[in-house]
Structures are given as C-alpha cells and as structure tokens.
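Enquirer: Dropping the structure in here first, questions after.
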Amino acid sequence: MESQICYIFGAGEQTTCDISLSPKDLVIAADGGFDYLEKLGLRADVVLGDFDSVLSWELPPDSLRYPADKDDTDLMLAAKLGLEKGYREFAIYGGLGGRLDHTLGNIQVLTHLSRNGAVGTLYGEDYALQVISDGTISFGKDQPENTAGNLCSVFSLSDISVNVTIQGLKYEIENVNLTNAFPLGISNEFTGKKAYINVQKGTIAVLWHLPVSS
C-alpha cells in the first residue's frame, strides 16, 4: 500500500525541494511556509499560523489563523493537525537554518511525533534529521545517502538512551547506553551496506548528510 505523507513547510531555510505528491498526501503551510510553497509552485491543502512571518497578502480565505500568544509553535500546530488526520509519516521542509531556537524547537516537534507513533524527518540544504523513540531507523544499500564515507551522527535526546545498536556503519555498537551529556555517536560514516540504528528505550536524534545534487 502506498504510504501517505504529511508534508509541512515552515518559515526557515528555503532549500531546493523535489517531491512527487500522491493524491492522499497532505501539504500544510505553517505561517511563512506559505511563501516557500509559492516559490516552489506547490499548493497547500491547509494554511495555518499566526502569520507573523508570512510575506504574501494573498492568503487563502480558509486559512487557519491563530493568536500570536499561544503555547504551540506554528510548526507544532501543523504536526498536531497531521496526527489528527491520521498521518504517521511526516516530511518537514523549512524547519532548519535561521534562528537556532526555532531549529531546536522543531527537533522537539520531531520528538513529539516519535512519541505519538509517527516518524518525522527535517530536511535542510545538506543534511536531514530524524528522531526515534524506542525504535529503529534503517538505511537500504540503494539509498543515495548510503555512500561510503558519508557522515551520519547519533545523539541521545533522553538523559539515557538504553541499549543503542548501530550496525552497517563504520563504527558499530551493540546494546550501548548513550547519554545526552556526551556526544559519543558523532561523525560515524555510511559504508554502502544495509544499515540500521535501534534504541530499545529512549529517544535519539539521527542526522545524516544529503548527497550533493548534480
């Protein structure tokens, strides 16, 4: 069965983006992400936010407007909406770069998704980031990022991530506890072999470099 993806576009770094949408995919513009989609020539199914960073004056009449004084960021509102609509795979663009606090906040959005049975990936210009809670991320041999020497780093977001196993990368470990106070998993490398990273209990962030577009 074809996977259904919730695409979220934020107001951060506007990177090149080559995606093929299926009829069941959902595209959400979070505030300034509306301008991002306009540049890409893509149409949002839902536009939401407090619109403090959007430049366009031609927002759709059915846009969901929220007050500026709120607990959720615009990107979190988009993620929660995607979860409510039943989506469990999220691809997020415009969530990296720019303000560091926004980037950290968006990593927390990924954590929220991972702890609610979903998988979200933040895409930047030259790297991507995914958060895994009590689970596994796999890389097939044919994935473009899985080229020998390409960097992949693993960080514990929990105080302790219990029994982390890394197989198929240059530096392999089995059932090792990682903490958020020591960057043991930084600067690992793909080898071109099928690889996976598993955390038995806890939350980890996995960051990998994207191949350079020709």
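A note on labels: chains of the structure tokens are A, B, ... as shown, every chain counts residues from 1, and ligands are counted from 1 in their shown order.
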At a cut-off of 10 Å, using only C-alpha atoms, what residues contact Leu184 of chain A? Leave out same-chain residues fewer than 2 positions from it and give the result as JSON, numbers by chain.

Expert: {"A": [153, 154, 155, 156, 178, 179, 180, 181, 182, 186, 187, 188]}

Enquirer: Give me the residues within 12 Å of Lys24 of chain A as a ChimeraX atom specification, counting only C-alpha atoms and dropping any in the same chain fewer than 6 places off.

Expert: /A:1-7,45,85-87

Enquirer: Using DSSP assignments from the backbone, pull out every residue in segment 100-190 of chain A that falls under strand (DSSP E or B) and give it to me as a CSV table (one decimal) with N, CA, C and O atoms, in the first residue's frame.

Expert:
chain,number,residue,atom,x,y,z
A,119,VAL,N,6.7,9.1,12.4
A,119,VAL,CA,8.1,9.4,12.1
A,119,VAL,C,8.1,10.7,11.3
A,119,VAL,O,7.4,10.8,10.3
A,120,GLY,N,9.0,11.6,11.7
A,120,GLY,CA,9.1,12.9,11.0
A,120,GLY,C,10.6,13.1,10.7
A,120,GLY,O,11.5,12.7,11.4
A,121,THR,N,10.8,13.7,9.5
A,121,THR,CA,12.2,14.0,9.0
A,121,THR,C,12.2,15.5,8.7
A,121,THR,O,11.4,16.0,7.9
A,122,LEU,N,13.2,16.1,9.3
A,122,LEU,CA,13.5,17.5,8.9
A,122,LEU,C,14.6,17.5,7.8
A,122,LEU,O,15.6,16.9,7.9
A,123,TYR,N,14.3,18.3,6.7
A,123,TYR,CA,15.2,18.3,5.6
A,123,TYR,C,15.8,19.7,5.5
A,123,TYR,O,15.0,20.7,5.4
A,127,TYR,N,21.6,18.4,4.9
A,127,TYR,CA,21.5,17.3,5.9
A,127,TYR,C,20.0,17.1,6.2
A,127,TYR,O,19.2,18.0,6.0
A,128,ALA,N,19.8,15.9,6.8
A,128,ALA,CA,18.4,15.6,7.2
A,128,ALA,C,18.5,15.1,8.6
A,128,ALA,O,19.6,14.6,9.1
A,129,LEU,N,17.4,15.1,9.4
A,129,LEU,CA,17.5,14.7,10.8
A,129,LEU,C,16.1,14.1,11.1
A,129,LEU,O,15.1,14.5,10.8
A,130,GLN,N,16.2,12.9,11.8
A,130,GLN,CA,15.1,12.2,12.3
A,130,GLN,C,15.2,11.9,13.8
A,130,GLN,O,16.3,11.6,14.2
A,131,VAL,N,14.1,11.8,14.5
A,131,VAL,CA,14.1,11.5,15.9
A,131,VAL,C,13.4,10.1,16.0
A,131,VAL,O,12.3,9.9,15.5
A,132,ILE,N,14.0,9.2,16.8
A,132,ILE,CA,13.5,7.9,17.0
A,132,ILE,C,13.3,7.6,18.5
A,132,ILE,O,14.2,7.9,19.3
A,133,SER,N,12.1,7.2,18.9
A,133,SER,CA,11.8,6.8,20.3
A,133,SER,C,11.5,5.3,20.3
A,133,SER,O,10.6,4.9,19.7
A,136,THR,N,13.6,1.9,15.5
A,136,THR,CA,14.6,1.7,14.6
A,136,THR,C,14.5,2.6,13.4
A,136,THR,O,13.4,2.9,12.9
A,137,ILE,N,15.7,3.1,12.9
A,137,ILE,CA,15.8,3.7,11.6
A,137,ILE,C,16.7,2.9,10.7
A,137,ILE,O,17.7,2.4,11.2
A,138,SER,N,16.3,2.6,9.5
A,138,SER,CA,17.1,1.7,8.6
A,138,SER,C,17.5,2.5,7.3
A,138,SER,O,16.7,3.4,6.9
A,139,PHE,N,18.6,2.1,6.8
A,139,PHE,CA,19.1,2.7,5.5
A,139,PHE,C,19.4,1.6,4.6
A,139,PHE,O,20.3,0.7,4.8
A,151,LEU,N,28.6,11.1,6.1
A,151,LEU,CA,28.5,11.2,7.6
A,151,LEU,C,27.1,10.9,8.1
A,151,LEU,O,26.1,11.3,7.5
A,152,CYS,N,27.1,10.3,9.2
A,152,CYS,CA,25.8,10.0,10.0
A,152,CYS,C,26.2,10.1,11.5
A,152,CYS,O,27.1,9.5,11.9
A,153,SER,N,25.4,10.9,12.2
A,153,SER,CA,25.7,11.1,13.6
A,153,SER,C,24.4,10.7,14.4
A,153,SER,O,23.3,10.8,14.0
A,154,VAL,N,24.7,10.2,15.6
A,154,VAL,CA,23.6,9.7,16.5
A,154,VAL,C,23.8,10.4,17.9
A,154,VAL,O,24.8,10.4,18.5
A,155,PHE,N,22.7,11.1,18.4
A,155,PHE,CA,22.7,11.8,19.6
A,155,PHE,C,21.6,11.3,20.5
A,155,PHE,O,20.5,11.1,20.0
A,156,SER,N,21.9,11.2,21.8
A,156,SER,CA,20.8,10.9,22.7
A,156,SER,C,20.1,12.1,23.1
A,156,SER,O,20.7,13.1,23.6
A,160,ILE,N,19.2,9.2,29.3
A,160,ILE,CA,19.9,8.0,28.9
A,160,ILE,C,19.1,7.3,27.8
A,160,ILE,O,17.8,7.1,27.9
A,161,SER,N,19.7,6.9,26.7
A,161,SER,CA,19.1,6.0,25.7
A,161,SER,C,19.7,4.6,25.9
A,161,SER,O,20.9,4.4,25.7
A,162,VAL,N,18.8,3.7,26.2
A,162,VAL,CA,19.2,2.4,26.7
A,162,VAL,C,19.4,1.4,25.5
A,162,VAL,O,18.5,1.3,24.6
A,163,ASN,N,20.5,0.7,25.5
A,163,ASN,CA,20.7,-0.4,24.5
A,163,ASN,C,20.6,0.1,23.1
A,163,ASN,O,19.7,-0.3,22.3
A,164,VAL,N,21.4,1.0,22.7
A,164,VAL,CA,21.5,1.5,21.4
A,164,VAL,C,22.4,0.6,20.6
A,164,VAL,O,23.5,0.2,21.0
A,165,THR,N,21.9,0.2,19.4
A,165,THR,CA,22.7,-0.7,18.5
A,165,THR,C,22.8,0.0,17.1
A,165,THR,O,21.9,0.5,16.6
A,166,ILE,N,24.1,0.0,16.6
A,166,ILE,CA,24.4,0.6,15.3
A,166,ILE,C,25.0,-0.5,14.5
A,166,ILE,O,26.1,-1.0,14.9
A,167,GLN,N,24.4,-0.9,13.4
A,167,GLN,CA,25.0,-1.9,12.5
A,167,GLN,C,25.1,-1.4,11.1
A,167,GLN,O,24.1,-0.7,10.6
A,169,LEU,N,27.2,0.7,9.8
A,169,LEU,CA,28.0,1.9,9.6
A,169,LEU,C,29.5,1.6,10.0
A,169,LEU,O,29.8,0.5,10.4
A,173,ILE,N,28.1,-0.6,17.2
A,173,ILE,CA,28.0,-0.8,18.6
A,173,ILE,C,26.8,-1.7,18.8
A,173,ILE,O,25.9,-1.8,18.0
A,174,GLU,N,26.7,-2.4,20.0
A,174,GLU,CA,25.6,-3.3,20.3
A,174,GLU,C,25.2,-3.1,21.7
A,174,GLU,O,26.1,-3.3,22.6
A,175,ASN,N,24.0,-2.7,22.0
A,175,ASN,CA,23.4,-2.6,23.3
A,175,ASN,C,24.3,-1.7,24.2
A,175,ASN,O,24.7,-2.0,25.3
A,176,VAL,N,24.6,-0.5,23.7
A,176,VAL,CA,25.4,0.5,24.4
A,176,VAL,C,24.4,1.6,24.9
A,176,VAL,O,23.6,2.1,24.1
A,177,ASN,N,24.6,2.1,26.1
A,177,ASN,CA,23.8,3.2,26.6
A,177,ASN,C,24.4,4.5,26.2
A,177,ASN,O,25.6,4.7,26.5
A,178,LEU,N,23.7,5.4,25.6
A,178,LEU,CA,24.1,6.7,25.2
A,178,LEU,C,23.5,7.8,26.1
A,178,LEU,O,22.3,7.5,26.6
A,179,THR,N,24.1,8.8,26.4
A,179,THR,CA,23.6,9.9,27.3
A,179,THR,C,23.6,11.2,26.5
A,179,THR,O,24.3,11.4,25.5
A,185,GLY,N,28.2,9.4,19.6
A,185,GLY,CA,27.8,8.9,18.3
A,185,GLY,C,28.0,9.9,17.2
A,185,GLY,O,27.5,9.7,16.1
A,186,ILE,N,28.8,10.9,17.4
A,186,ILE,CA,29.1,11.9,16.3
A,186,ILE,C,30.0,11.4,15.3
A,186,ILE,O,30.9,10.6,15.5
A,187,SER,N,29.8,11.8,14.0
A,187,SER,CA,30.7,11.6,12.9
A,187,SER,C,31.0,10.1,12.6
A,187,SER,O,32.1,9.7,12.4
A,188,ASN,N,29.9,9.3,12.6
A,188,ASN,CA,30.0,8.0,12.1
A,188,ASN,C,29.9,8.1,10.6
A,188,ASN,O,29.7,9.2,10.0
A,189,GLU,N,30.1,7.0,9.9
A,189,GLU,CA,30.1,7.0,8.4
A,189,GLU,C,29.3,5.8,7.8
A,189,GLU,O,29.4,4.7,8.3
A,190,PHE,N,28.6,6.1,6.7
A,190,PHE,CA,28.0,5.0,6.0
A,190,PHE,C,29.0,4.2,5.3
A,190,PHE,O,30.1,4.7,5.0

Enquirer: If you measure from atom CA of Gly49 of chain A to atom CA of Leu210 of chain A, what distance in Å do you get, rounded to one decimal?

Expert: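 Distance reported for this atom pair: 29.2 Å.
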
Enquirer: Of the candidates A:Ala205, A:Phe9, A:Leu96, A:Asp101, which one gets nearest to Asp126 of chain A if we count only C-alpha atoms?

Expert: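 With only C-alpha atoms as the atom set, the closest residue is A:Leu96.
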
Enquirer: Residues within 8 Å of segment 30-35 of chain A, please, as a ChimeraX atom specification. Count only C-alpha atoms; anything in the same chain fewer than 3 positions from it doesn't count.

Expert: /A:8-12,38-39,44,47-56,74-75,78,94

Enquirer: Run DSSP on the backbone of this structure and report the residues of chain A it assigns to alpha helix (DSSP H), as number ranges by chain.

Expert: A: 33-40, 74-84, 100-114

Enquirer: Using N, CA, C and O atoms, can you export the residues from the last selection as a short mmCIF file (atom, residue, chain, number, x, y, z; two decimals), in the first residue's frame?

Expert:
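Listing of part.cif after writing:
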data_model
loop_
_atom_site.label_atom_id
_atom_site.label_comp_id
_atom_site.auth_asym_id
_atom_site.auth_seq_id
_atom_site.Cartn_x
_atom_site.Cartn_y
_atom_site.Cartn_z
N GLY A 33 5.83 29.36 5.69
CA GLY A 33 5.93 28.25 4.76
C GLY A 33 5.04 28.44 3.53
O GLY A 33 5.28 27.83 2.48
N PHE A 34 4.04 29.30 3.66
CA PHE A 34 3.18 29.62 2.51
C PHE A 34 4.00 30.29 1.41
O PHE A 34 3.86 29.97 0.22
N ASP A 35 4.89 31.22 1.79
CA ASP A 35 5.76 31.86 0.80
C ASP A 35 6.70 30.84 0.16
O ASP A 35 6.97 30.91 -1.05
N TYR A 36 7.19 29.92 0.95
CA TYR A 36 8.08 28.86 0.46
C TYR A 36 7.37 28.04 -0.63
O TYR A 36 7.91 27.81 -1.72
N LEU A 37 6.13 27.63 -0.34
CA LEU A 37 5.37 26.86 -1.32
C LEU A 37 5.09 27.66 -2.59
O LEU A 37 5.10 27.11 -3.69
N GLU A 38 4.82 28.94 -2.41
CA GLU A 38 4.59 29.81 -3.58
C GLU A 38 5.80 29.80 -4.50
O GLU A 38 5.67 29.73 -5.72
N LYS A 39 6.99 29.88 -3.92
CA LYS A 39 8.22 29.86 -4.73
C LYS A 39 8.40 28.54 -5.44
O LYS A 39 8.93 28.48 -6.55
N LEU A 40 7.98 27.44 -4.77
CA LEU A 40 8.13 26.12 -5.37
C LEU A 40 7.04 25.82 -6.39
O LEU A 40 7.13 24.84 -7.13
N ASP A 74 3.92 27.37 15.25
CA ASP A 74 3.15 27.11 14.03
C ASP A 74 3.46 25.72 13.49
O ASP A 74 2.56 25.02 13.02
N LEU A 75 4.73 25.31 13.56
CA LEU A 75 5.10 24.00 13.05
C LEU A 75 4.50 22.89 13.92
O LEU A 75 4.09 21.85 13.41
N MET A 76 4.43 23.10 15.22
CA MET A 76 3.79 22.12 16.10
C MET A 76 2.30 22.01 15.81
O MET A 76 1.73 20.91 15.80
N LEU A 77 1.65 23.15 15.54
CA LEU A 77 0.24 23.12 15.17
C LEU A 77 0.03 22.27 13.91
O LEU A 77 -0.92 21.48 13.83
N ALA A 78 0.94 22.42 12.95
CA ALA A 78 0.84 21.65 11.71
C ALA A 78 1.04 20.16 11.98
O ALA A 78 0.31 19.31 11.45
N ALA A 79 2.03 19.83 12.83
CA ALA A 79 2.29 18.42 13.16
C ALA A 79 1.09 17.80 13.87
O ALA A 79 0.69 16.67 13.57
N LYS A 80 0.50 18.53 14.81
CA LYS A 80 -0.65 18.00 15.53
C LYS A 80 -1.84 17.80 14.60
O LYS A 80 -2.59 16.81 14.72
N LEU A 81 -2.01 18.70 13.65
CA LEU A 81 -3.10 18.56 12.69
C LEU A 81 -2.89 17.31 11.83
O LEU A 81 -3.83 16.54 11.58
N GLY A 82 -1.65 17.09 11.38
CA GLY A 82 -1.36 15.90 10.60
C GLY A 82 -1.64 14.63 11.38
O GLY A 82 -2.21 13.66 10.84
N LEU A 83 -1.27 14.61 12.66
CA LEU A 83 -1.55 13.45 13.51
C LEU A 83 -3.05 13.24 13.65
O LEU A 83 -3.55 12.11 13.56
N GLU A 84 -3.79 14.33 13.86
CA GLU A 84 -5.25 14.23 14.00
C GLU A 84 -5.90 13.66 12.74
O GLU A 84 -6.91 12.95 12.82
N LEU A 100 18.43 29.58 15.77
CA LEU A 100 18.77 28.32 16.42
C LEU A 100 17.63 27.85 17.32
O LEU A 100 17.37 26.65 17.42
N ASP A 101 16.95 28.78 18.01
CA ASP A 101 15.86 28.36 18.89
C ASP A 101 14.73 27.71 18.11
O ASP A 101 14.10 26.76 18.57
N HIS A 102 14.48 28.20 16.89
CA HIS A 102 13.46 27.57 16.05
C HIS A 102 13.88 26.16 15.64
O HIS A 102 13.07 25.23 15.63
N THR A 103 15.17 26.01 15.30
CA THR A 103 15.67 24.68 14.93
C THR A 103 15.52 23.71 16.09
O THR A 103 15.03 22.58 15.91
N LEU A 104 15.91 24.13 17.29
CA LEU A 104 15.77 23.26 18.47
C LEU A 104 14.30 22.96 18.74
O LEU A 104 13.94 21.82 19.10
N GLY A 105 13.45 23.95 18.57
CA GLY A 105 12.02 23.73 18.76
C GLY A 105 11.47 22.72 17.77
O GLY A 105 10.63 21.88 18.12
N ASN A 106 11.96 22.76 16.54
CA ASN A 106 11.49 21.83 15.52
C ASN A 106 12.00 20.41 15.76
O ASN A 106 11.33 19.43 15.40
N ILE A 107 13.17 20.28 16.37
CA ILE A 107 13.64 18.95 16.78
C ILE A 107 12.71 18.41 17.86
O ILE A 107 12.39 17.21 17.88
N GLN A 108 12.22 19.29 18.73
CA GLN A 108 11.25 18.85 19.73
C GLN A 108 9.93 18.44 19.08
O GLN A 108 9.24 17.53 19.57
N VAL A 109 9.57 19.07 17.96
CA VAL A 109 8.38 18.63 17.21
C VAL A 109 8.57 17.20 16.72
O VAL A 109 7.67 16.36 16.81
N LEU A 110 9.78 16.89 16.22
CA LEU A 110 10.06 15.51 15.80
C LEU A 110 9.94 14.55 16.98
O LEU A 110 9.46 13.42 16.83
N THR A 111 10.40 14.98 18.15
CA THR A 111 10.29 14.14 19.34
C THR A 111 8.82 13.88 19.67
O THR A 111 8.43 12.75 19.99
N HIS A 112 7.99 14.90 19.57
CA HIS A 112 6.56 14.74 19.81
C HIS A 112 5.97 13.72 18.82
O HIS A 112 5.20 12.85 19.23
N LEU A 113 6.34 13.83 17.57
CA LEU A 113 5.84 12.88 16.57
C LEU A 113 6.28 11.45 16.91
O LEU A 113 5.49 10.51 16.87
N SER A 114 7.57 11.31 17.26
CA SER A 114 8.10 9.97 17.51
C SER A 114 7.45 9.32 18.72
O SER A 114 7.33 8.09 18.78
#

Enquirer: If I take atom CA of Glu89 of chain A and atom CA of Val206 of chain A, how far is one from the other in Å, to one decimal?

Expert: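 Value for the atom CA of Glu89 of chain A-atom CA of Val206 of chain A distance: 16.1 Å.
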